[in-house]
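File shown: structure-v8.cif. Contents: mmCIF, C-alpha atoms and all ligand atoms.
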```cif
data_entry
#
loop_
_atom_site.label_atom_id
_atom_site.label_comp_id
_atom_site.auth_asym_id
_atom_site.auth_seq_id
_atom_site.Cartn_x
_atom_site.Cartn_y
_atom_site.Cartn_z
CA MET A 1 -4.26 -11.35 27.73
CA ASP A 2 -0.59 -11.51 28.77
CA ARG A 3 0.53 -11.03 25.21
CA CYS A 4 -1.19 -7.64 25.19
CA LYS A 5 0.61 -6.69 28.36
CA ASP A 6 3.86 -7.64 26.59
CA LEU A 7 3.05 -5.08 23.93
CA ILE A 8 2.56 -2.30 26.44
CA ASP A 9 5.77 -3.31 28.23
CA TYR A 10 7.68 -3.32 24.94
CA ASN A 11 6.26 0.10 24.11
CA GLN A 12 7.51 1.59 27.36
CA GLN A 13 10.99 0.32 26.66
CA TRP A 14 10.83 1.48 23.03
CA ALA A 15 9.77 5.02 24.03
CA ALA A 16 12.52 5.19 26.65
CA ASP A 17 15.12 4.01 24.12
CA ARG A 18 14.04 6.65 21.59
CA VAL A 19 14.42 9.42 24.15
CA SER A 20 17.81 8.16 25.31
CA GLU A 21 19.05 8.06 21.69
CA ASP A 22 17.49 11.38 20.74
CA PRO A 23 16.01 13.50 23.55
CA GLU A 24 13.91 15.59 21.11
CA PHE A 25 12.52 12.64 19.14
CA PHE A 26 8.90 12.93 20.28
CA GLU A 27 8.96 16.70 20.59
CA ARG A 28 9.95 16.97 16.94
CA LEU A 29 7.28 14.52 15.78
CA CYS A 30 4.60 16.36 17.77
CA ALA A 31 5.43 19.63 16.09
CA ILE A 32 5.08 18.58 12.48
CA GLN A 33 4.24 15.70 10.17
CA GLU A 34 5.98 15.89 6.83
CA PRO A 35 6.43 12.40 5.38
CA GLU A 36 7.94 12.13 1.94
CA PHE A 37 6.04 8.94 1.10
CA LEU A 38 2.49 7.65 0.96
CA TRP A 39 2.47 3.86 1.15
CA ILE A 40 -0.57 2.01 -0.12
CA GLY A 41 -0.15 -1.61 0.86
CA CYS A 42 -1.97 -4.77 1.90
CA SER A 43 -3.21 -5.30 5.46
CA ASP A 44 -1.31 -8.60 5.49
CA SER A 45 0.61 -8.84 8.77
CA ARG A 46 3.72 -10.03 6.94
CA VAL A 47 4.18 -6.83 4.93
CA PRO A 48 4.79 -3.99 7.42
CA ALA A 49 5.64 -0.82 5.50
CA ASN A 50 8.07 0.73 7.98
CA GLN A 51 10.08 -2.37 8.83
CA ILE A 52 10.76 -3.56 5.29
CA THR A 53 11.83 -0.10 4.09
CA GLY A 54 13.68 1.14 7.17
CA LEU A 55 11.42 4.18 7.47
CA GLN A 56 11.03 5.76 10.91
CA PRO A 57 7.97 7.33 12.54
CA GLY A 58 7.17 10.53 10.67
CA GLU A 59 8.62 9.35 7.35
CA VAL A 60 5.75 7.45 5.72
CA PHE A 61 1.98 8.01 5.67
CA VAL A 62 0.38 4.59 5.43
CA HIS A 63 -2.87 3.23 4.05
CA ARG A 64 -3.40 -0.50 4.13
CA ASN A 65 -6.41 -2.55 3.13
CA ILE A 66 -6.99 -6.06 1.83
CA ALA A 67 -5.01 -6.42 -1.39
CA ASN A 68 -3.94 -2.74 -1.61
CA VAL A 69 -6.87 -1.59 -3.68
CA VAL A 70 -7.85 2.05 -4.30
CA PRO A 71 -11.35 1.91 -5.76
CA ARG A 72 -12.65 5.26 -6.97
CA GLU A 73 -15.78 4.93 -4.79
CA ASP A 74 -13.85 4.04 -1.62
CA VAL A 75 -14.07 7.13 0.60
CA ASN A 76 -11.43 5.78 2.97
CA SER A 77 -8.53 5.41 0.53
CA ALA A 78 -9.65 8.48 -1.47
CA SER A 79 -9.50 10.63 1.68
CA VAL A 80 -6.05 9.30 2.58
CA ILE A 81 -4.76 10.12 -0.90
CA GLN A 82 -6.34 13.58 -0.90
CA PHE A 83 -4.86 14.44 2.49
CA ALA A 84 -1.44 13.02 1.59
CA VAL A 85 -1.25 14.93 -1.70
CA ASP A 86 -2.95 18.22 -0.86
CA THR A 87 -1.95 18.73 2.77
CA LEU A 88 1.11 16.61 3.52
CA ARG A 89 2.43 17.09 -0.01
CA VAL A 90 4.11 13.70 -0.16
CA GLN A 91 6.52 13.38 -3.07
CA HIS A 92 6.00 9.68 -3.72
CA ILE A 93 3.00 7.37 -3.69
CA ILE A 94 4.08 3.75 -3.54
CA VAL A 95 1.51 1.10 -4.32
CA CYS A 96 2.98 -2.08 -2.91
CA GLY A 97 1.37 -5.48 -3.35
CA HIS A 98 2.83 -8.82 -2.40
CA TYR A 99 3.06 -12.31 -3.79
CA GLY A 100 1.02 -14.75 -1.75
CA CYS A 101 -1.76 -12.20 -1.21
CA GLY A 102 -4.87 -13.91 0.18
CA GLY A 103 -7.12 -11.11 -1.08
CA VAL A 104 -5.88 -11.62 -4.61
CA LYS A 105 -6.22 -15.39 -4.30
CA ALA A 106 -9.85 -14.95 -3.26
CA ALA A 107 -10.53 -13.35 -6.63
CA LEU A 108 -9.53 -16.62 -8.30
CA GLY A 109 -11.90 -18.66 -6.15
CA PRO A 110 -15.61 -18.99 -5.39
CA SER A 111 -17.83 -16.20 -4.22
CA LEU A 112 -17.56 -15.09 -0.57
CA GLU A 113 -20.00 -13.56 1.90
CA ASP A 114 -20.42 -9.79 1.89
CA PRO A 115 -18.76 -7.49 2.74
CA LEU A 116 -15.64 -9.43 1.70
CA GLU A 117 -17.16 -10.36 -1.63
CA PHE A 118 -17.99 -6.71 -2.29
CA TRP A 119 -14.30 -5.86 -1.78
CA VAL A 120 -12.97 -8.84 -3.74
CA GLU A 121 -15.15 -7.80 -6.69
CA HIS A 122 -12.57 -5.08 -7.39
CA LEU A 123 -10.00 -7.83 -7.92
CA ARG A 124 -12.34 -10.08 -9.88
CA ARG A 125 -12.75 -7.24 -12.38
CA ILE A 126 -8.97 -7.10 -12.87
CA ARG A 127 -8.90 -10.88 -13.29
CA ASP A 128 -11.69 -10.71 -15.88
CA LYS A 129 -10.04 -7.87 -17.79
CA ASN A 130 -6.83 -9.89 -18.05
CA SER A 131 -8.38 -13.33 -18.48
CA ASP A 132 -6.59 -14.09 -21.79
CA GLU A 133 -3.17 -13.56 -20.25
CA LEU A 134 -4.03 -15.35 -17.01
CA ASP A 135 -5.68 -18.35 -18.67
CA ALA A 136 -2.57 -18.89 -20.81
CA LEU A 137 -0.44 -19.45 -17.70
CA PRO A 138 0.38 -23.08 -16.82
CA ASP A 139 -1.03 -23.36 -13.32
CA GLU A 140 -3.01 -21.72 -10.54
CA ASP A 141 0.12 -20.56 -8.71
CA SER A 142 1.39 -18.66 -11.78
CA ARG A 143 -2.04 -17.08 -12.25
CA TRP A 144 -2.08 -16.03 -8.60
CA ARG A 145 1.38 -14.45 -8.82
CA ARG A 146 0.59 -12.65 -12.06
CA LEU A 147 -2.73 -11.35 -10.71
CA CYS A 148 -0.83 -9.94 -7.69
CA GLU A 149 1.31 -7.97 -10.17
CA LEU A 150 -1.59 -6.93 -12.40
CA ASN A 151 -3.46 -5.65 -9.37
CA VAL A 152 -0.57 -3.38 -8.35
CA LEU A 153 -0.18 -2.09 -11.91
CA THR A 154 -3.91 -1.42 -12.19
CA GLN A 155 -4.03 0.46 -8.91
CA ALA A 156 -0.99 2.57 -9.87
CA GLU A 157 -2.58 3.41 -13.22
CA ASN A 158 -5.83 4.33 -11.46
CA LEU A 159 -3.93 6.63 -9.10
CA ALA A 160 -2.41 8.46 -12.06
CA ARG A 161 -5.93 9.21 -13.29
CA LEU A 162 -7.27 10.58 -10.00
CA ARG A 163 -8.42 14.20 -10.05
CA VAL A 164 -6.41 15.04 -6.93
CA VAL A 165 -3.21 13.63 -8.45
CA ARG A 166 -3.72 15.32 -11.82
CA ALA A 167 -4.43 18.63 -10.12
CA ALA A 168 -1.14 18.33 -8.22
CA TRP A 169 0.74 17.77 -11.46
CA GLN A 170 -1.09 20.67 -13.11
CA ARG A 171 0.13 23.06 -10.42
CA GLY A 172 3.68 21.75 -10.76
CA GLN A 173 3.80 19.79 -7.49
CA ALA A 174 6.49 17.10 -7.36
CA LEU A 175 4.67 13.79 -7.09
CA ALA A 176 5.65 10.37 -8.42
CA ILE A 177 3.66 7.14 -8.45
CA HIS A 178 5.45 3.81 -8.12
CA SER A 179 4.37 0.18 -8.48
CA TRP A 180 6.16 -2.30 -6.26
CA ILE A 181 5.68 -5.88 -5.15
CA TYR A 182 7.08 -7.65 -2.10
CA ASP A 183 8.05 -11.29 -2.08
CA LEU A 184 7.22 -13.08 1.17
CA ARG A 185 9.71 -15.82 0.28
CA ASP A 186 12.85 -13.66 0.35
CA GLY A 187 11.71 -10.36 1.86
CA LEU A 188 12.65 -8.41 -1.27
CA LEU A 189 10.84 -5.57 -2.98
CA LYS A 190 10.69 -5.43 -6.77
CA ASP A 191 9.73 -2.51 -9.00
CA LEU A 192 7.06 -3.60 -11.49
CA GLY A 193 8.00 -0.81 -13.86
CA PHE A 194 4.97 1.44 -13.95
CA SER A 195 5.80 4.91 -12.69
CA ARG A 196 4.48 8.34 -13.49
CA ASP A 197 5.52 11.79 -12.32
CA GLY A 198 3.48 14.16 -14.43
CA LEU A 199 0.62 14.58 -16.88
ZN ZN B 201 -2.33 -9.29 0.76
#
```
Re-express the file's structure as C-alpha cells.
Ligand SMILES: [Zn+2]
Amino acid sequence: MDRCKDLIDYNQQWAADRVSEDPEFFERLCAIQEPEFLWIGCSDSRVPANQITGLQPGEVFVHRNIANVVPREDVNSASVIQFAVDTLRVQHIIVCGHYGCGGVKAALGPSLEDPLEFWVEHLRRIRDKNSDELDALPDEDSRWRRLCELNVLTQAENLARLRVVRAAWQRGQALAIHSWIYDLRDGLLKDLGFSRDGL
C-alpha cells in the first residue's frame, strides 16, 4: 500500500518540477498532441519507451503488448496504428522488441492456458515459418534470441502491408517503419535493418 503512496508523492514532486522548469509545460501539452513517433513495444517492465529514448511527454505515442505483436485481427493495436497514422500523422513507426522477451520464449515452450496461448500462437507461427533457420542454431538461447529478432522483422513487414499505412504512402504522407531491438544486458538499441518509407 505504501509503495502506491510513494508513487503519488513522486508524481506531485515531478509535476511541480516540470512547472518550475517550464511554466507552460502542461498548458502546451493540453492544447495539442503531435508526437513524431509511434512506438510499438513489449509490455515488459524493463523496456520503457520514453526512458530509453529520452523522449518527453507529448513526443511518442505508445502501444505495448506482450512481445510487441500487431496481428491483423487485433482491434486494439490496429486502432492505435490507425489513429497514429491518420489523425496524429506520426512520421515514424518503431517496432521495438527485446532480447530476453518472455512472450517470445513462451513460443518455444509447451502450450499455455488461454488467453495467453491464443496470443502466443502469433509467435508460434513465426517460429514455425522459420523453423529451418532456428533448428540450425546451436542451443535454445540462440534460438530464443533469433526468434526475438524474427518477430520484430515480421511485425515491421506486416505493418508495411497494412491498408492504413499503404493509404498514407499513396497520398504522399511522410511515414517510415523501423525495426529495432533492445538488449536488456547493456541497455542498447540496435537497428535490425528492415525499414520502409513508401510503396
Ligand atoms: Zn517482452
For Tyr99 of chain A: contacts at 7 Å, only C-alpha atoms, fewer than 6 positions along chain excluded, given as a list in words: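 Residues near the query, excluding close chain neighbours: Arg145, Cys148, Tyr182, Asp183 and Leu184 of chain A.
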Let me make sure I understand: among A:Leu137, A:Val47, A:Val90, A:Ile52, which one has the smallest atom-to-atom distance to ligand ZN 201 (chain B) if we use all atoms listed in the file? A:Val47
Counting all atoms listed in the file, what residues are within 7 Å of ligand ZN 201 (chain B), given as number ranges by chain? A: 42-44, 66-67, 97-98, 100-104
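Here atom CA of Ser111 of chain A and atom CA of Ser77 of chain A stand 24.0 Å from one another.
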Using all atoms listed in the file for the distances, tell me which of A:Pro138, A:Pro35, A:Gly41, A:Gly198 is nearest to Arg171 of chain A.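 Closest residue, counting all atoms listed in the file: A:Gly198.
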Counting only C-alpha atoms, the option among A:Pro48, A:Trp14, A:Ile40, A:Asp128 closest to Asn76 of chain A: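 With only C-alpha atoms as the atom set, the closest residue is A:Ile40.
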Atom-to-atom span, atom CA of Ser45 of chain A and atom CA of Leu159 of chain A, Å: 24.1 Å
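Residue nearest Arg127 of chain A within the list A:Lys105, A:Arg72, A:Val95, A:Glu113: A:Lys105 [criterion: smallest interatomic distance, all atoms listed in the file].
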In Å, rounded to a single decimal, give me how far atom CA of Glu59 of chain A is from atom CA of Leu7 of chain A.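 For atom CA of Leu7 of chain A relative to atom CA of Glu59 of chain A, the distance reads 22.7 Å.
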Measuring atom to atom with all atoms listed in the file, identify which of A:Pro71, A:Trp119, A:Arg18, A:Val85 is nearest to Gln56 of chain A. A:Arg18
Would you please work out which residue, of A:Arg161, A:Phe61, A:Leu188, A:Leu147, is nearest to Asp135 of chain A when using all atoms listed in the file?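 Under the stated criterion, the closest residue is A:Leu147.
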List the neighbours of Gln33 of chain A out to 12 Å using only C-alpha atoms; skip same-chain residues closer than 6 positions along the sequence, and give me the result as a list in words.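 Answer for this query is Phe26, Glu27, Pro57, Gly58, Glu59, Val60, Phe61, Phe83, Ala84, Thr87, Leu88, Arg89 and Val90 of chain A.
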